[in-house]
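Raw protein37.pdb, PDB, C-alpha atoms:
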ATOM      1  CA  MET J   1     -16.643-135.645 -40.438
ATOM      2  CA  ARG J   2     -13.360-133.904 -39.735
ATOM      3  CA  SER J   3     -11.746-135.404 -42.841
ATOM      4  CA  ALA J   4     -14.705-134.345 -44.986
ATOM      5  CA  LEU J   5     -14.203-130.819 -43.717
ATOM      6  CA  ALA J   6     -10.504-130.973 -44.503
ATOM      7  CA  VAL J   7     -11.235-132.179 -48.037
ATOM      8  CA  GLY J   8     -13.724-129.388 -48.452
ATOM      9  CA  LEU J   9     -11.240-126.768 -47.275
ATOM     10  CA  ALA J  10      -8.537-128.148 -49.546
ATOM     11  CA  ALA J  11     -10.947-128.043 -52.487
ATOM     12  CA  ALA J  12     -11.847-124.452 -51.663
ATOM     13  CA  ALA J  13      -8.173-123.548 -51.518
ATOM     14  CA  LEU J  14      -7.631-125.176 -54.904
ATOM     15  CA  VAL J  15     -10.500-123.212 -56.437
ATOM     16  CA  ALA J  16      -9.099-120.012 -54.970
ATOM     17  CA  ALA J  17      -5.648-120.796 -56.293
ATOM     18  CA  ALA J  18      -7.031-121.631 -59.732
ATOM     19  CA  THR J  19      -8.640-118.215 -60.067
ATOM     20  CA  PRO J  20      -5.803-115.874 -60.987
ATOM     21  CA  GLY J  21      -5.364-112.897 -58.748
ATOM     22  CA  ARG J  22      -8.312-113.605 -56.487
ATOM     23  CA  ALA J  23      -7.745-112.675 -52.867
ATOM     24  CA  ASP J  24      -4.333-111.336 -53.727
ATOM     25  CA  PRO J  25      -4.259-107.583 -53.295
ATOM     26  CA  ALA J  26      -0.442-107.625 -53.425
ATOM     27  CA  ALA J  27      -0.498-108.929 -57.009
ATOM     28  CA  GLY J  28      -2.980-106.201 -57.868
ATOM     29  CA  GLN J  29      -0.804-103.573 -56.267
ATOM     30  CA  ALA J  30       2.105-104.757 -58.425
ATOM     31  CA  VAL J  31      -0.025-104.310 -61.560
ATOM     32  CA  PHE J  32      -1.195-100.902 -60.278
ATOM     33  CA  GLU J  33       2.414 -99.824 -59.897
ATOM     34  CA  ALA J  34       3.599-101.315 -63.195
ATOM     35  CA  LYS J  35       0.832 -99.527 -65.068
ATOM     36  CA  GLU J  36       1.765 -96.265 -63.319
ATOM     37  CA  CYS J  37      -1.764 -95.728 -62.076
ATOM     38  CA  ALA J  38      -0.271 -93.750 -59.196
ATOM     39  CA  ALA J  39       0.651 -90.974 -61.631
ATOM     40  CA  CYS J  40      -3.001 -89.890 -61.380
ATOM     41  CA  HIS J  41      -4.385 -91.698 -58.303
ATOM     42  CA  TYR J  42      -3.012 -91.833 -54.774
ATOM     43  CA  THR J  43      -3.860 -94.835 -52.641
ATOM     44  CA  GLU J  44      -2.678 -93.973 -49.153
ATOM     45  CA  GLY J  45      -4.845 -91.932 -46.830
ATOM     46  CA  PRO J  46      -5.620 -89.699 -45.164
ATOM     47  CA  ALA J  47      -6.714 -87.006 -47.617
ATOM     48  CA  ARG J  48      -3.802 -84.836 -48.738
ATOM     49  CA  GLU J  49      -5.607 -81.864 -50.269
ATOM     50  CA  LYS J  50      -5.543 -78.723 -48.154
ATOM     51  CA  THR J  51      -6.112 -76.008 -50.750
ATOM     52  CA  ILE J  52      -7.978 -75.501 -54.022
ATOM     53  CA  GLU J  53      -4.596 -75.642 -55.763
ATOM     54  CA  ASP J  54      -3.926 -79.077 -54.251
ATOM     55  CA  GLN J  55      -7.206 -80.373 -55.610
ATOM     56  CA  GLN J  56      -6.755 -78.805 -59.026
ATOM     57  CA  ALA J  57      -3.246 -80.216 -59.356
ATOM     58  CA  LYS J  58      -4.647 -83.768 -59.260
ATOM     59  CA  LYS J  59      -5.163 -85.656 -62.509
ATOM     60  CA  GLY J  60      -7.631 -88.187 -61.160
ATOM     61  CA  PRO J  61      -9.619 -89.083 -58.068
ATOM     62  CA  GLU J  62      -7.944 -90.318 -54.907
ATOM     63  CA  LEU J  63      -8.401 -94.049 -54.358
ATOM     64  CA  TRP J  64      -7.300 -94.507 -50.753
ATOM     65  CA  TYR J  65     -10.870 -95.437 -49.782
ATOM     66  CA  ALA J  66     -11.779 -97.210 -53.039
ATOM     67  CA  GLY J  67     -12.814-100.395 -51.240
ATOM     68  CA  SER J  68     -15.311 -98.448 -49.160
ATOM     69  CA  LYS J  69     -16.588 -96.426 -52.118
ATOM     70  CA  PHE J  70     -17.076 -98.869 -54.971
ATOM     71  CA  GLN J  71     -18.919-102.090 -55.559
ATOM     72  CA  GLN J  72     -16.534-104.858 -56.589
ATOM     73  CA  PRO J  73     -18.355-106.234 -59.688
ATOM     74  CA  TRP J  74     -18.789-102.732 -61.096
ATOM     75  CA  LEU J  75     -15.137-101.851 -60.490
ATOM     76  CA  GLU J  76     -13.804-104.984 -62.155
ATOM     77  CA  ALA J  77     -16.006-104.437 -65.217
ATOM     78  CA  TRP J  78     -15.229-100.692 -65.406
ATOM     79  CA  LEU J  79     -11.471-101.229 -65.353
ATOM     80  CA  GLN J  80     -11.867-103.317 -68.507
ATOM     81  CA  ASP J  81     -14.202-100.858 -70.217
ATOM     82  CA  PRO J  82     -13.640 -97.451 -68.603
ATOM     83  CA  LYS J  83     -16.352 -95.066 -69.709
ATOM     84  CA  PRO J  84     -16.379 -91.448 -68.436
ATOM     85  CA  ILE J  85     -18.117 -90.884 -65.110
ATOM     86  CA  ARG J  86     -17.725 -87.111 -64.943
ATOM     87  CA  PRO J  87     -18.873 -85.634 -68.268
ATOM     88  CA  LEU J  88     -16.091 -83.035 -68.062
ATOM     89  CA  LYS J  89     -12.368 -83.706 -67.741
ATOM     90  CA  TYR J  90     -11.197 -84.087 -64.125
ATOM     91  CA  THR J  91     -11.373 -80.679 -62.343
ATOM     92  CA  SER J  92     -11.968 -78.843 -65.671
ATOM     93  CA  LEU J  93     -14.952 -76.606 -66.392
ATOM     94  CA  THR J  94     -14.207 -76.163 -70.068
ATOM     95  CA  GLU J  95     -12.941 -79.454 -71.503
ATOM     96  CA  ASP J  96     -15.019 -82.549 -72.082
ATOM     97  CA  ASN J  97     -13.866 -85.801 -70.536
ATOM     98  CA  PRO J  98     -11.425 -87.163 -73.127
ATOM     99  CA  ALA J  99     -12.510 -90.747 -72.314
ATOM    100  CA  ASP J 100      -8.878 -91.811 -72.384
ATOM    101  CA  HIS J 101      -8.605 -93.824 -69.143
ATOM    102  CA  PRO J 102      -6.458 -96.876 -69.919
ATOM    103  CA  ALA J 103      -8.369-100.178 -70.099
ATOM    104  CA  LEU J 104      -7.038-103.254 -68.324
ATOM    105  CA  GLY J 105      -7.271-106.821 -69.562
ATOM    106  CA  ALA J 106      -9.409-109.227 -67.534
ATOM    107  CA  ASP J 107      -6.245-110.820 -66.111
ATOM    108  CA  GLU J 108      -5.130-107.421 -64.808
ATOM    109  CA  ALA J 109      -8.525-106.041 -63.786
ATOM    110  CA  ALA J 110      -9.194-108.920 -61.361
ATOM    111  CA  PRO J 111      -6.113-108.420 -59.160
ATOM    112  CA  VAL J 112      -6.240-104.619 -59.408
ATOM    113  CA  THR J 113      -9.853-104.781 -58.227
ATOM    114  CA  GLU J 114      -8.741-106.965 -55.312
ATOM    115  CA  PHE J 115      -6.111-104.395 -54.436
ATOM    116  CA  LEU J 116      -8.460-101.422 -54.684
ATOM    117  CA  MET J 117     -11.202-103.191 -52.734
ATOM    118  CA  SER J 118      -8.668-103.777 -49.942
ATOM    119  CA  LEU J 119      -8.345 -99.995 -49.452
ATOM    120  CA  ILE J 120     -10.924 -99.490 -46.750
ATOM    121  CA  SER J 121     -11.763 -96.488 -44.610
ATOM    122  CA  ASP J 122     -13.024 -97.198 -41.108
ATOM    123  CA  GLU J 123     -14.978 -93.926 -41.326
ATOM    124  CA  VAL J 124     -17.637 -95.747 -43.365
ATOM    125  CA  GLU J 125     -20.108 -97.517 -41.117
ATOM    126  CA  ALA J 126     -21.457-100.668 -42.783
ATOM    127  CA  GLY J 127     -25.126-101.573 -43.082
ATOM    128  CA  VAL J 128     -26.579 -98.107 -42.367
ATOM    129  CA  ILE J 129     -27.978 -97.221 -45.801
ATOM    130  CA  LYS J 130     -30.297 -99.390 -47.878
ATOM    131  CA  PRO J 131     -31.163 -98.346 -51.450
ATOM    132  CA  LYS J 132     -34.724 -97.013 -51.446
ATOM    133  CA  LYS J 133     -36.793 -95.059 -53.924
ATOM    134  CA  LYS J 134     -38.484 -92.953 -51.280
ATOM    135  CA  PRO J 135     -40.133 -89.577 -51.942
ATOM    136  CA  LYS J 136     -38.183 -87.955 -49.087
ATOM    137  CA  GLY J 137     -34.841 -88.717 -50.732
ATOM    138  CA  ARG J 138     -36.156 -87.484 -54.048
ATOM    139  CA  LEU J 139     -37.354 -84.277 -52.391
ATOM    140  CA  VAL J 140     -33.930 -83.569 -50.894
ATOM    141  CA  PHE J 141     -32.124 -84.449 -54.147
ATOM    142  CA  THR J 142     -34.263 -82.431 -56.526
ATOM    143  CA  LYS J 143     -35.901 -79.684 -54.459
ATOM    144  CA  LYS J 144     -34.377 -79.027 -51.054
ATOM    145  CA  MET J 145     -30.806 -79.083 -52.376
ATOM    146  CA  PRO J 146     -29.727 -78.585 -55.983
ATOM    147  CA  CYS J 147     -27.927 -81.933 -56.426
ATOM    148  CA  SER J 148     -29.237 -82.191 -59.981
ATOM    149  CA  GLY J 149     -27.582 -78.865 -60.808
ATOM    150  CA  CYS J 150     -24.206 -80.599 -61.008
ATOM    151  CA  HIS J 151     -24.997 -84.336 -61.212
ATOM    152  CA  GLN J 152     -26.695 -86.252 -63.999
ATOM    153  CA  PHE J 153     -29.259 -88.702 -62.671
ATOM    154  CA  PRO J 154     -31.691 -91.135 -64.319
ATOM    155  CA  THR J 155     -35.018 -89.752 -65.544
ATOM    156  CA  LYS J 156     -37.399 -90.677 -68.334
ATOM    157  CA  LYS J 157     -35.211 -88.723 -70.795
ATOM    158  CA  PRO J 158     -33.233 -91.053 -69.915
ATOM    159  CA  PHE J 159     -31.217 -88.673 -67.725
ATOM    160  CA  SER J 160     -31.043 -85.005 -66.673
ATOM    161  CA  GLY J 161     -28.701 -82.845 -64.654
ATOM    162  CA  GLY J 162     -25.508 -80.814 -64.729
ATOM    163  CA  ARG J 163     -22.035 -81.730 -65.891
ATOM    164  CA  THR J 164     -19.528 -80.562 -63.278
ATOM    165  CA  GLY J 165     -20.067 -83.379 -60.801
ATOM    166  CA  PRO J 166     -19.672 -87.086 -61.413
ATOM    167  CA  SER J 167     -22.706 -88.568 -63.116
ATOM    168  CA  LEU J 168     -24.936 -90.494 -60.733
ATOM    169  CA  VAL J 169     -26.534 -92.524 -63.506
ATOM    170  CA  GLY J 170     -25.855 -96.123 -62.462
ATOM    171  CA  ALA J 171     -24.749 -95.056 -58.958
ATOM    172  CA  GLY J 172     -26.708 -98.025 -57.578
ATOM    173  CA  GLU J 173     -24.280-100.411 -59.243
ATOM    174  CA  ARG J 174     -21.187 -98.268 -58.776
ATOM    175  CA  LEU J 175     -21.262 -96.902 -55.237
ATOM    176  CA  ASN J 176     -21.489 -98.442 -51.788
ATOM    177  CA  PRO J 177     -24.659 -96.936 -50.242
ATOM    178  CA  ASP J 178     -22.912 -96.512 -46.872
ATOM    179  CA  TRP J 179     -20.082 -94.588 -48.529
ATOM    180  CA  ILE J 180     -22.557 -92.135 -50.112
ATOM    181  CA  TYR J 181     -23.805 -91.252 -46.638
ATOM    182  CA  ALA J 182     -20.269 -91.033 -45.239
ATOM    183  CA  TYR J 183     -19.224 -88.776 -48.121
ATOM    184  CA  LEU J 184     -22.127 -86.434 -47.359
ATOM    185  CA  SER J 185     -21.646 -86.375 -43.624
ATOM    186  CA  LYS J 186     -17.824 -86.464 -43.355
ATOM    187  CA  THR J 187     -16.552 -84.024 -45.951
ATOM    188  CA  SER J 188     -13.292 -83.322 -44.153
ATOM    189  CA  VAL J 189     -12.379 -87.022 -44.132
ATOM    190  CA  PHE J 190     -13.019 -87.923 -47.755
ATOM    191  CA  LYS J 191     -12.822 -84.706 -49.728
ATOM    192  CA  PRO J 192     -11.716 -81.717 -47.664
ATOM    193  CA  VAL J 193     -11.501 -79.549 -50.809
ATOM    194  CA  ARG J 194     -14.263 -80.206 -53.308
ATOM    195  CA  MET J 195     -16.462 -78.288 -55.725
ATOM    196  CA  MET J 196     -19.567 -79.590 -53.955
ATOM    197  CA  PRO J 197     -20.871 -77.654 -50.946
ATOM    198  CA  ASN J 198     -20.403 -79.139 -47.504
ATOM    199  CA  PHE J 199     -23.897 -80.122 -46.336
ATOM    200  CA  ASP J 200     -22.923 -81.318 -42.883
ATOM    201  CA  GLY J 201     -24.822 -79.111 -40.458
ATOM    202  CA  LEU J 202     -27.193 -77.908 -43.204
ATOM    203  CA  LEU J 203     -29.005 -81.160 -43.887
ATOM    204  CA  SER J 204     -30.233 -83.235 -40.975
ATOM    205  CA  GLU J 205     -28.838 -86.726 -40.473
ATOM    206  CA  LYS J 206     -32.248 -88.029 -41.552
ATOM    207  CA  ASP J 207     -32.201 -86.028 -44.795
ATOM    208  CA  MET J 208     -28.660 -87.125 -45.575
ATOM    209  CA  LYS J 209     -29.566 -90.759 -45.034
ATOM    210  CA  ALA J 210     -32.672 -90.346 -47.198
ATOM    211  CA  VAL J 211     -30.757 -88.799 -50.073
ATOM    212  CA  ALA J 212     -27.998 -91.431 -49.790
ATOM    213  CA  SER J 213     -30.672 -94.168 -50.052
ATOM    214  CA  TYR J 214     -32.203 -92.398 -53.027
ATOM    215  CA  VAL J 215     -28.889 -92.063 -54.902
ATOM    216  CA  ALA J 216     -28.021 -95.678 -54.065
ATOM    217  CA  ASN J 217     -31.145 -96.651 -55.966
ATOM    218  CA  PHE J 218     -30.141 -94.973 -59.268
ATOM    219  CA  LYS J 219     -30.024 -97.391 -62.173
TER     220      LYS J 219
ATOM    221  CA  MET M 220      -1.080 -55.418 -19.353
ATOM    222  CA  LEU M 221      -1.730 -59.103 -18.925
ATOM    223  CA  LYS M 222      -4.663 -58.855 -21.324
ATOM    224  CA  LEU M 223      -2.437 -57.212 -23.910
ATOM    225  CA  THR M 224       0.164 -59.911 -23.519
ATOM    226  CA  ILE M 225      -2.454 -62.621 -23.987
ATOM    227  CA  LEU M 226      -3.791 -60.814 -27.043
ATOM    228  CA  ALA M 227      -0.302 -60.487 -28.509
ATOM    229  CA  ALA M 228       0.328 -64.171 -27.865
ATOM    230  CA  ALA M 229      -2.969 -65.109 -29.507
ATOM    231  CA  VAL M 230      -2.184 -62.999 -32.572
ATOM    232  CA  ALA M 231       1.265 -64.555 -32.762
ATOM    233  CA  MET M 232      -0.221 -68.042 -32.561
ATOM    234  CA  PHE M 233      -3.259 -67.712 -34.788
ATOM    235  CA  GLY M 234      -2.641 -64.543 -36.766
ATOM    236  CA  LEU M 235      -5.139 -61.790 -37.409
ATOM    237  CA  PRO M 236      -8.135 -62.690 -39.584
ATOM    238  CA  GLN M 237      -6.747 -62.230 -43.066
ATOM    239  CA  ALA M 238      -8.588 -60.627 -45.944
ATOM    240  CA  VAL M 239      -8.620 -62.813 -49.031
ATOM    241  CA  SER M 240      -6.603 -61.398 -51.946
ATOM    242  CA  ALA M 241      -8.190 -60.714 -55.330
ATOM    243  CA  ALA M 242      -6.223 -63.607 -56.825
ATOM    244  CA  GLU M 243      -7.449 -66.000 -54.126
ATOM    245  CA  THR M 244     -11.013 -64.778 -54.614
ATOM    246  CA  GLU M 245     -10.732 -65.420 -58.340
ATOM    247  CA  GLN M 246      -9.660 -68.980 -57.517
ATOM    248  CA  VAL M 247     -12.618 -69.443 -55.146
ATOM    249  CA  PHE M 248     -14.985 -68.040 -57.774
ATOM    250  CA  THR M 249     -13.600 -70.337 -60.479
ATOM    251  CA  PHE M 250     -13.667 -73.433 -58.270
ATOM    252  CA  TYR M 251     -17.169 -73.070 -56.817
ATOM    253  CA  CYS M 252     -19.252 -70.373 -58.505
ATOM    254  CA  ALA M 253     -18.212 -70.739 -62.145
ATOM    255  CA  GLN M 254     -19.775 -74.215 -62.291
ATOM    256  CA  CYS M 255     -23.141 -72.477 -62.811
ATOM    257  CA  HIS M 256     -22.364 -68.772 -63.173
ATOM    258  CA  GLY M 257     -19.575 -69.225 -65.729
ATOM    259  CA  LEU M 258     -15.915 -68.239 -65.615
ATOM    260  CA  GLU M 259     -16.765 -64.652 -66.529
ATOM    261  CA  GLY M 260     -19.861 -64.582 -64.332
ATOM    262  CA  LYS M 261     -22.327 -64.302 -67.190
ATOM    263  CA  GLY M 262     -24.626 -67.031 -65.871
ATOM    264  CA  ASP M 263     -23.471 -69.531 -68.491
ATOM    265  CA  GLY M 264     -21.468 -72.149 -66.588
ATOM    266  CA  PRO M 265     -21.058 -75.705 -67.866
ATOM    267  CA  ASN M 266     -23.987 -76.945 -65.755
ATOM    268  CA  VAL M 267     -26.425 -74.674 -67.562
ATOM    269  CA  SER M 268     -28.158 -76.652 -70.273
ATOM    270  CA  LYS M 269     -31.601 -76.274 -71.775
ATOM    271  CA  ASP M 270     -33.134 -78.359 -68.987
ATOM    272  CA  PHE M 271     -31.504 -76.323 -66.187
ATOM    273  CA  PRO M 272     -34.622 -75.090 -64.361
ATOM    274  CA  VAL M 273     -33.504 -71.472 -63.794
ATOM    275  CA  SER M 274     -31.065 -68.966 -65.273
ATOM    276  CA  PRO M 275     -28.151 -68.463 -62.886
ATOM    277  CA  ARG M 276     -27.522 -64.789 -62.154
ATOM    278  CA  ASN M 277     -25.530 -62.924 -64.789
ATOM    279  CA  PHE M 278     -23.186 -60.879 -62.604
ATOM    280  CA  THR M 279     -22.305 -58.537 -65.458
ATOM    281  CA  ASN M 280     -25.908 -57.299 -65.657
ATOM    282  CA  ALA M 281     -25.679 -54.063 -63.665
ATOM    283  CA  ASP M 282     -29.452 -53.419 -63.758
ATOM    284  CA  GLU M 283     -30.168 -56.726 -62.013
ATOM    285  CA  MET M 284     -27.170 -56.557 -59.697
ATOM    286  CA  ASN M 285     -28.087 -53.031 -58.595
ATOM    287  CA  LYS M 286     -31.332 -54.385 -57.150
ATOM    288  CA  LEU M 287     -29.310 -56.333 -54.572
ATOM    289  CA  SER M 288     -27.437 -54.935 -51.594
ATOM    290  CA  ASP M 289     -24.161 -56.437 -50.413
ATOM    291  CA  ALA M 290     -26.107 -57.892 -47.481
ATOM    292  CA  ASP M 291     -28.451 -59.625 -49.975
ATOM    293  CA  LEU M 292     -25.445 -61.107 -51.763
ATOM    294  CA  LYS M 293     -23.999 -62.312 -48.476
ATOM    295  CA  ASN M 294     -27.301 -63.942 -47.514
ATOM    296  CA  VAL M 295     -27.700 -65.757 -50.793
ATOM    297  CA  ILE M 296     -24.114 -67.019 -50.825
ATOM    298  CA  LEU M 297     -24.218 -68.243 -47.239
ATOM    299  CA  ASP M 298     -27.771 -69.579 -47.059
ATOM    300  CA  GLY M 299     -28.725 -70.312 -50.673
ATOM    301  CA  GLY M 300     -31.440 -69.058 -53.022
ATOM    302  CA  PRO M 301     -34.444 -69.743 -50.763
ATOM    303  CA  ALA M 302     -32.999 -67.357 -48.117
ATOM    304  CA  VAL M 303     -33.841 -64.479 -50.483
ATOM    305  CA  SER M 304     -36.947 -66.085 -52.056
ATOM    306  CA  LYS M 305     -34.936 -67.329 -55.041
ATOM    307  CA  SER M 306     -34.393 -70.788 -56.457
ATOM    308  CA  ALA M 307     -32.969 -73.652 -54.387
ATOM    309  CA  MET M 308     -30.707 -74.324 -57.385
ATOM    310  CA  MET M 309     -28.357 -71.904 -55.608
ATOM    311  CA  PRO M 310     -27.014 -73.974 -52.706
ATOM    312  CA  PRO M 311     -25.942 -72.690 -49.283
ATOM    313  CA  TRP M 312     -22.169 -72.261 -48.950
ATOM    314  CA  SER M 313     -22.042 -71.346 -45.255
ATOM    315  CA  LYS M 314     -20.269 -74.585 -44.296
ATOM    316  CA  THR M 315     -17.853 -74.400 -47.219
ATOM    317  CA  LEU M 316     -16.674 -70.786 -47.495
ATOM    318  CA  SER M 317     -15.132 -68.598 -44.806
ATOM    319  CA  GLU M 318     -16.452 -65.149 -43.961
ATOM    320  CA  ALA M 319     -13.367 -63.676 -45.666
ATOM    321  CA  ASP M 320     -14.048 -65.784 -48.796
ATOM    322  CA  VAL M 321     -17.588 -64.397 -48.965
ATOM    323  CA  ASP M 322     -16.437 -60.805 -48.487
ATOM    324  CA  GLY M 323     -13.924 -61.341 -51.278
ATOM    325  CA  LEU M 324     -16.630 -62.785 -53.542
ATOM    326  CA  ILE M 325     -18.929 -59.818 -52.946
ATOM    327  CA  ALA M 326     -16.127 -57.449 -53.987
ATOM    328  CA  HIS M 327     -15.516 -59.663 -57.046
ATOM    329  CA  LEU M 328     -19.206 -59.540 -58.035
ATOM    330  CA  ARG M 329     -19.237 -55.754 -57.687
ATOM    331  CA  LYS M 330     -16.250 -55.620 -60.000
ATOM    332  CA  LEU M 331     -18.022 -57.858 -62.537
ATOM    333  CA  CYS M 332     -21.167 -55.701 -62.577
ATOM    334  CA  ALA M 333     -19.241 -52.450 -62.215
ATOM    335  CA  CYS M 334     -22.015 -51.420 -59.859
ATOM    336  CA  GLU M 335     -22.397 -50.637 -56.184
ATOM    337  CA  GLY M 336     -25.745 -52.268 -55.528
ATOM    338  CA  LYS M 337     -28.662 -51.214 -53.411
ATOM    339  CA  LYS M 338     -27.584 -49.369 -50.279
ATOM    340  CA  GLY M 339     -28.685 -50.286 -46.787
TER     341      GLY M 339
END

What do you get writing this file as structure tokens?
Amino acid sequence: MRSALAVGLAAAALVAAATPGRADPAAGQAVFEAKECAACHYTEGPAREKTIEDQQAKKGPELWYAGSKFQQPWLEAWLQDPKPIRPLKYTSLTEDNPADHPALGADEAAPVTEFLMSLISDEVEAGVIKPKKKPKGRLVFTKKMPCSGCHQFPTKKPFSGGRTGPSLVGAGERLNPDWIYAYLSKTSVFKPVRMMPNFDGLLSEKDMKAVASYVANFK
Amino acid sequence: MLKLTILAAAVAMFGLPQAVSAAETEQVFTFYCAQCHGLEGKGDGPNVSKDFPVSPRNFTNADEMNKLSDADLKNVILDGGPAVSKSAMMPPWSKTLSEADVDGLIAHLRKLCACEGKKG
């Protein structure tokens, strides 16, 4: 029995070793550095932005909590085929997103994803939010608060909404549902200076959870 | 005397509440408000497309802006459109902006409309 277990473990180790980059965030970090990703993205928390100028000086989103924010399969696929998420260029109100994010090869995307998914924030509580298409979340998103004013979201059209926030079309595949709730309820941790209003203290915990569940359901 | 000393110490530590400069207000306006109201305040920000459900206020329209007092402006900025029976597409900024930011914005809006607004 014990030897069977040992064989099994050895086989598992072999499989892991045969898959390049898997479970090796350090290799991914090396690629991240070689590709100069840090010219636009910082990866060490906590949040550095203190003023509007700080935020506007950035060229891309901070990634120090990427592993808490994104879903791994989405991230690995996106790095190989990076399509715009915000319709406008980062922090701009006048220029369209130039869609010029560098694409990584599959051999690079796998380890970089491992690296980014290792960047976890302990401010995100796991298992709190489940994706749900509930009317309450819809009510908060479309009526109680003007989320759709700045964020595109899926409709029959096939989508509607404003252009200054990141699109939420496909948010169900892209974002960790628990992170959506944490982002809403802990503004000062994740984005102390942002174009989106701070809703903490304006929306109840229940409403925030409902809207997080609703967004986490977007196809 | 002791009270004065404590007050002086508090001012030294925390500073007096500072008014926001016109340049800082412009930055606040551009960062938050211009998303819907446009960089020049004409109600034509990048979020406003044909399916945007309302027309954001054009701050350069003196006739419309004269119907609102400064207190109305403060209410709508802090508590959102529904606070003054307007659309919920205008969100509440009370947890985002400081009192000084809001005062600066009201002055900025009055400059854009070149109007004083309803009194009282």

Checklist entry - Where does the PyMOL selection byres ((chain J and resi 169) around 8) land in this file, that is, which residues does it pick, as a PyMOL selection string? => result chain J and resi 152-154+159+167-168+170-171+218-219

Checklist entry - For chain M against chain J, which residues fall within 12 Å using all atoms listed in the file, given as a PyMOL selection string? => result chain M and resi 243-258+263-275+296-301+306-316

Could you take the residues named above and write them with C-alpha atoms, as a CSV table (one decimal), in the frame of the given file?
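part19.csv written:
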chain,number,residue,atom,x,y,z
M,243,GLU,CA,-7.4,-66.0,-54.1
M,244,THR,CA,-11.0,-64.8,-54.6
M,245,GLU,CA,-10.7,-65.4,-58.3
M,246,GLN,CA,-9.7,-69.0,-57.5
M,247,VAL,CA,-12.6,-69.4,-55.1
M,248,PHE,CA,-15.0,-68.0,-57.8
M,249,THR,CA,-13.6,-70.3,-60.5
M,250,PHE,CA,-13.7,-73.4,-58.3
M,251,TYR,CA,-17.2,-73.1,-56.8
M,252,CYS,CA,-19.3,-70.4,-58.5
M,253,ALA,CA,-18.2,-70.7,-62.1
M,254,GLN,CA,-19.8,-74.2,-62.3
M,255,CYS,CA,-23.1,-72.5,-62.8
M,256,HIS,CA,-22.4,-68.8,-63.2
M,257,GLY,CA,-19.6,-69.2,-65.7
M,258,LEU,CA,-15.9,-68.2,-65.6
M,263,ASP,CA,-23.5,-69.5,-68.5
M,264,GLY,CA,-21.5,-72.1,-66.6
M,265,PRO,CA,-21.1,-75.7,-67.9
M,266,ASN,CA,-24.0,-76.9,-65.8
M,267,VAL,CA,-26.4,-74.7,-67.6
M,268,SER,CA,-28.2,-76.7,-70.3
M,269,LYS,CA,-31.6,-76.3,-71.8
M,270,ASP,CA,-33.1,-78.4,-69.0
M,271,PHE,CA,-31.5,-76.3,-66.2
M,272,PRO,CA,-34.6,-75.1,-64.4
M,273,VAL,CA,-33.5,-71.5,-63.8
M,274,SER,CA,-31.1,-69.0,-65.3
M,275,PRO,CA,-28.2,-68.5,-62.9
M,296,ILE,CA,-24.1,-67.0,-50.8
M,297,LEU,CA,-24.2,-68.2,-47.2
M,298,ASP,CA,-27.8,-69.6,-47.1
M,299,GLY,CA,-28.7,-70.3,-50.7
M,300,GLY,CA,-31.4,-69.1,-53.0
M,301,PRO,CA,-34.4,-69.7,-50.8
M,306,SER,CA,-34.4,-70.8,-56.5
M,307,ALA,CA,-33.0,-73.7,-54.4
M,308,MET,CA,-30.7,-74.3,-57.4
M,309,MET,CA,-28.4,-71.9,-55.6
M,310,PRO,CA,-27.0,-74.0,-52.7
M,311,PRO,CA,-25.9,-72.7,-49.3
M,312,TRP,CA,-22.2,-72.3,-49.0
M,313,SER,CA,-22.0,-71.3,-45.3
M,314,LYS,CA,-20.3,-74.6,-44.3
M,315,THR,CA,-17.9,-74.4,-47.2
M,316,LEU,CA,-16.7,-70.8,-47.5

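Evaluated against the shown file, the PyMOL selection byres ((chain M and resi 290) around 12) gives Lys286, Leu287, Ser288, Asp289, Asp291, Leu292, Lys293, Asn294, Val295, Ile296, Leu297, Asp298, Ala302, Val303, Val321, Asp322, Ile325, Ala326, Glu335, Gly336, Lys337, Lys338 and Gly339 of chain M.
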
Next on the checklist: Can you pull out the residues contacting Cys40 (chain J)? Cut-off 9 Å, using all atoms listed in the file, and skip same-chain residues under 6 positions away; I want them as a PyMOL selection string.
Outcome noted: chain J and resi 58-62

With 4 Å of padding per side, what axis-aligned box (centre and edge lengths, Å, one decimal) covers all the listed atoms of region 110-128 of chain J? Give it as JSON.
{"center_x": -16.3, "center_y": -101.4, "center_z": -51.2, "size_x": 28.5, "size_y": 23.0, "size_z": 28.3}

Next on the checklist: Using all atoms listed in the file and a cutoff of 12 Å, can you tell me which residues are near (-7.5, -107.4, -65.3) in the file's coordinates, and write them out as a VMD selection string?
Outcome noted: chain J and resid 20 to 22 27 to 29 31 to 32 35 75 to 81 102 to 115

Checklist entry - If you measure from CA of Arg174 (chain J) to CA of Thr51 (chain J), what distance in Å do you get, rounded to one decimal? => result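 That distance, rounded to one decimal, is 28.1 Å.
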
Next on the checklist: Using only C-alpha atoms, can you tell me which of J:Glu33, J:Asp54, J:Glu205, J:Asp178 comes closest to Gln71 (chain J)?
Outcome noted: J:Asp178

Next on the checklist: Can you measure CA of Val239 (chain M) to CA of Arg276 (chain M) for me? One decimal in Å is fine.
Outcome noted: 23.1 Å

Checklist entry - Which residues match the PyMOL selection byres ((chain J and resi 121) around 8) in the file above, as a list of chain:residue names? => result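 Given this file, the PyMOL selection byres ((chain J and resi 121) around 8) evaluates to J:Trp64, J:Tyr65, J:Gly67, J:Ser68, J:Leu119, J:Ile120, J:Asp122, J:Glu123, J:Val124.
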
Checklist entry - If you measure from CA of Met117 (chain J) to CA of Glu44 (chain J), what distance in Å do you get, rounded to one decimal? => result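 According to the coordinates, CA of Met117 (chain J) and CA of Glu44 (chain J) are separated by 13.1 Å.
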
Next on the checklist: Please determine, counting all atoms listed in the file, which residue among M:Ala242, M:Lys305, M:Gly262, M:Asn280 has the shortest atom-to-atom distance to His327 (chain M).
Outcome noted: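 Once distances to His327 (chain M) are computed over all atoms listed in the file, the minimum belongs to M:Ala242.
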